[in-house]
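First up is the structure itself, then whatever we jot down about it.
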Amino acid sequence: MTGGSRVEGRGSKGQHSGARGRRIAEKSRPPKPDVASSTLAPRPSTLDADIGVEARVAAGILLNAALERRNGLDEAMVLPEVAALPGPDRAFARAVAMAALRRLGEIDHILNQRLKKSPPEAVRTLMRVSLAQTLVLGTPAFAAVSTAVKLAERGVKTRPYKALVNAVLRGIEREGPGLTTARSNLPDWIAARWAQAYGEATLEAIALAAREEPPTDLSLKPGVDAAALAEALDGTVLPGGTVRAGSRGDLTAWPGYDTGDWWVQDAAAAVPVRLLAPKAGETALDLCAAPGGKTLQIAASGATVTALDRSEPRLRRLRQNLERTGLAAEVVVANGEEWDDPRTFDAVLLDAPCTATGTLRRNPEVLRATKPAEVAKLADVQHRLLDAAALRVAPGGRLVYCVCSLEREEGETQVIAFLRRNPAFRTAPADPVAVGAPPEALTPEGWLRILPSMWPEHGSLDGFFVARLERVL
Ligand SMILES: C[S@@+](CC[C@H](N)C(=O)[O-])C[C@H]1O[C@@H](n2cnc3c(N)ncnc32)[C@H](O)[C@@H]1O
């Protein structure tokens, strides 16, 4: 889980290098909330025709790893079948797997229309990979279909289905995919929960936003010229100051990367620290800090920040990010629930571990990785961490609680229960415009419920729940 923040430059999720990445990016447009269903439209390309069958094998491996377990796709990037590929092929494999994940419901619907009975999983994988190319990425059908058929021929289990693979994929190419709905990409149990929490129209708009590959957002160090950077990246400056890049590709080649002028952080992920409003001369604690997007924001404010996380590997990335940006923080490896340190702080941030369903545009695999029981399990962890965070807030200090989850149990319900248990705290209502959040994110209680359906005019943003609480006793 990333808390919606990506700080690394190289190899960040959702980034592809080279020409293919740029072409895929052309598909990214603001969602159209008034369109309930659409046809998956092929986009012409010849670039992917040169990529070989091994990249398609790797795409299938990545897709299945993502469907099997949380973080599966990232973990599978180091498998020999993926890691040994040349860079462009590896990027292509990842892009195909991400496209298949983003549009899985639609792809399966198209396949199911043509399959009398479900084929073995390996055969379905071949067809999913092929359709993700032709229908989403615009790979020419001759390349995508012929490689699928070649791959079917290769495997003992898939060989008997070679003719079926050929017939189904060529049939779709000839006759078109037919109508599909964005909503079908959401697992039923998640769609039912969001429909109940936010209503049918918002659910539809979230599903539409989630079909698109999101742009890359950058948070800037103080003093960096946002307008100039936006112009250099063919992008825009969003309300709040985030630069939304129009470019894709290798971030490490972007202006300001080497000099640490910015870090990758979704526009919504930048809101919690703006709401915390740390200042020079204050002390701040980031209780679940890695990989560090919010720590960097706090450090950039001039406050003295302690960045704590239980994960040493994730903190390693935080340290690299501090080094690249030239910002400073005290870094502590510890369990936030048991941290043995007497200090209290003026400002405490708890960006708690969560299901991360709000990052579905960037990490479509979270929809498959999240299971209903996990919501309750994480809610318990959040409850304990909130109580631990409260003990760290100095009298008169403030606590910002946030999660990149769309589940109310991880957001609103947590804060309601916390305020009941902790009479020393009360809500300090947020001003959404002042912190660069969509105005409609403001809840009656004064919290922010940011949804990916918001800001369609800017190209959407991640989902987040953010509440600012102040210690009054
Ligand atoms: C949502 S992520 C934080 C993202 C980070 N704030 C950022 O902006 O980059 C949640 C983090 O909580 C950490 N974590 C989970 N349980 C923890 C605990 N008991 N104590 C400290 N850190 C914990 C995880 O290792 C993970 O890095």
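Residue names in the structure tokens use chain letters A, B, ... in the order shown, residue numbers from 1 in each chain, and ligand numbers from 1 in the order shown.
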Residues contacting ligand 1 - anything with an atom at most 6 Å away, using only C-alpha atoms and all ligand atoms - can you give me those as number ranges by chain?
A: 1-3, 5, 288-294, 309-311, 334-337, 351-353
Grab the CA of Arg248 in chain A to CA of Ser184 in chain A distance for me, in Å with one decimal place.
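So the answer is 27.8 Å.
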In range 17-200 of chain A, DSSP alpha helix (DSSP H) residues written as an NGL selection string
:A and (18-26 or 53-68 or 72-76 or 80-83 or 87-102 or 104-114 or 121-131 or 141-154 or 162-175 or 188-198 or 200)
Two-atom distance - CA of Arg398 in chain A, CA of Gly446 in chain A (Å)
14.7 Å
Residues at most 10 Å from Ala267 in chain A, counting only C-alpha atoms, excluding those fewer than 3 positions away in the same chain, as a list in words?
Gly4, Ser5, Thr216, Asp217, Leu218, Ser219, Leu238, Pro239, Gly240, Gly241, Thr242, Val243, Arg244, Val264, Ala270, Val271, Gly436, Ala437, Ser460, Leu461, Asp462 and Gly463 of chain A
Since we have the selection now, will you write its residues out, keeping C-alpha atoms, as an mmCIF file, in the first residue's frame?
```cif
data_model
loop_
_atom_site.group_PDB
_atom_site.id
_atom_site.type_symbol
_atom_site.label_atom_id
_atom_site.label_comp_id
_atom_site.auth_asym_id
_atom_site.auth_seq_id
_atom_site.Cartn_x
_atom_site.Cartn_y
_atom_site.Cartn_z
ATOM 1 C CA GLY A 4 -1.688 7.204 -2.695
ATOM 2 C CA SER A 5 1.800 8.632 -2.715
ATOM 3 C CA THR A 216 1.549 11.788 -12.969
ATOM 4 C CA ASP A 217 1.241 14.439 -10.250
ATOM 5 C CA LEU A 218 4.197 16.201 -8.662
ATOM 6 C CA SER A 219 4.541 17.972 -5.320
ATOM 7 C CA LEU A 238 -3.814 22.163 -10.092
ATOM 8 C CA PRO A 239 -5.602 24.044 -7.313
ATOM 9 C CA GLY A 240 -3.332 23.593 -4.291
ATOM 10 C CA GLY A 241 -0.119 23.771 -6.315
ATOM 11 C CA THR A 242 0.346 20.180 -7.500
ATOM 12 C CA VAL A 243 1.795 20.025 -11.014
ATOM 13 C CA ARG A 244 -0.059 17.528 -13.195
ATOM 14 C CA VAL A 264 5.604 12.075 -7.320
ATOM 15 C CA ALA A 270 -0.963 16.053 -0.997
ATOM 16 C CA VAL A 271 -4.071 17.281 0.840
ATOM 17 C CA GLY A 436 -6.432 22.240 -2.797
ATOM 18 C CA ALA A 437 -9.260 19.715 -2.473
ATOM 19 C CA SER A 460 -9.727 13.017 -11.614
ATOM 20 C CA LEU A 461 -7.658 12.225 -8.512
ATOM 21 C CA ASP A 462 -7.214 9.422 -5.987
ATOM 22 C CA GLY A 463 -9.799 8.748 -3.299
#
```
Which residue, A:His383, A:Arg468, A:Arg114, A:Arg274, has the smallest gap to Gly176 in chain A when you use only C-alpha atoms?
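Ranking A:His383, A:Arg468, A:Arg114, A:Arg274 by distance to Gly176 in chain A, first place goes to A:Arg114.
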Set out as a Markdown table a contact list for range 336-424 of chain A and range 81-101 of chain A with a cut-off of 9 Å, giving each residue of range 336-424 of chain A that qualifies its closest atom pair and distance in Å to one decimal, counting only C-alpha atoms, ordered by chain and rising residue number.
```
| residue | atom | partner | partner_atom | distance |
| --- | --- | --- | --- | --- |
| A:Asn363 | CA | A:Met98 | CA | 8.1 |
| A:Pro364 | CA | A:Leu101 | CA | 5.9 |
| A:Glu365 | CA | A:Leu101 | CA | 6.3 |
| A:Arg368 | CA | A:Leu101 | CA | 8.7 |
```
Restricting it to C-alpha atoms, dump the selection as a compact mmCIF listing (two decimals), in the first residue's frame.
```
# COMPACT_ATOMS: atom_id res chain seq x y z
CA ASN A 363 -3.30 0.44 -8.72
CA PRO A 364 -6.25 -1.39 -10.28
CA GLU A 365 -5.07 -4.59 -8.62
CA ARG A 368 -8.92 -7.82 -6.70
```
Name the closest residue to Val57 in chain A among the candidates A:Leu419, A:Val78, A:Leu287, A:Ala122; distances are taken between atoms, counting only C-alpha atoms.
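Smallest distance to Val57 in chain A is found for A:Ala122.
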Tell me, in Å to one decimal, how far CA of Glu54 in chain A is from CA of Tyr161 in chain A.
19.3 Å
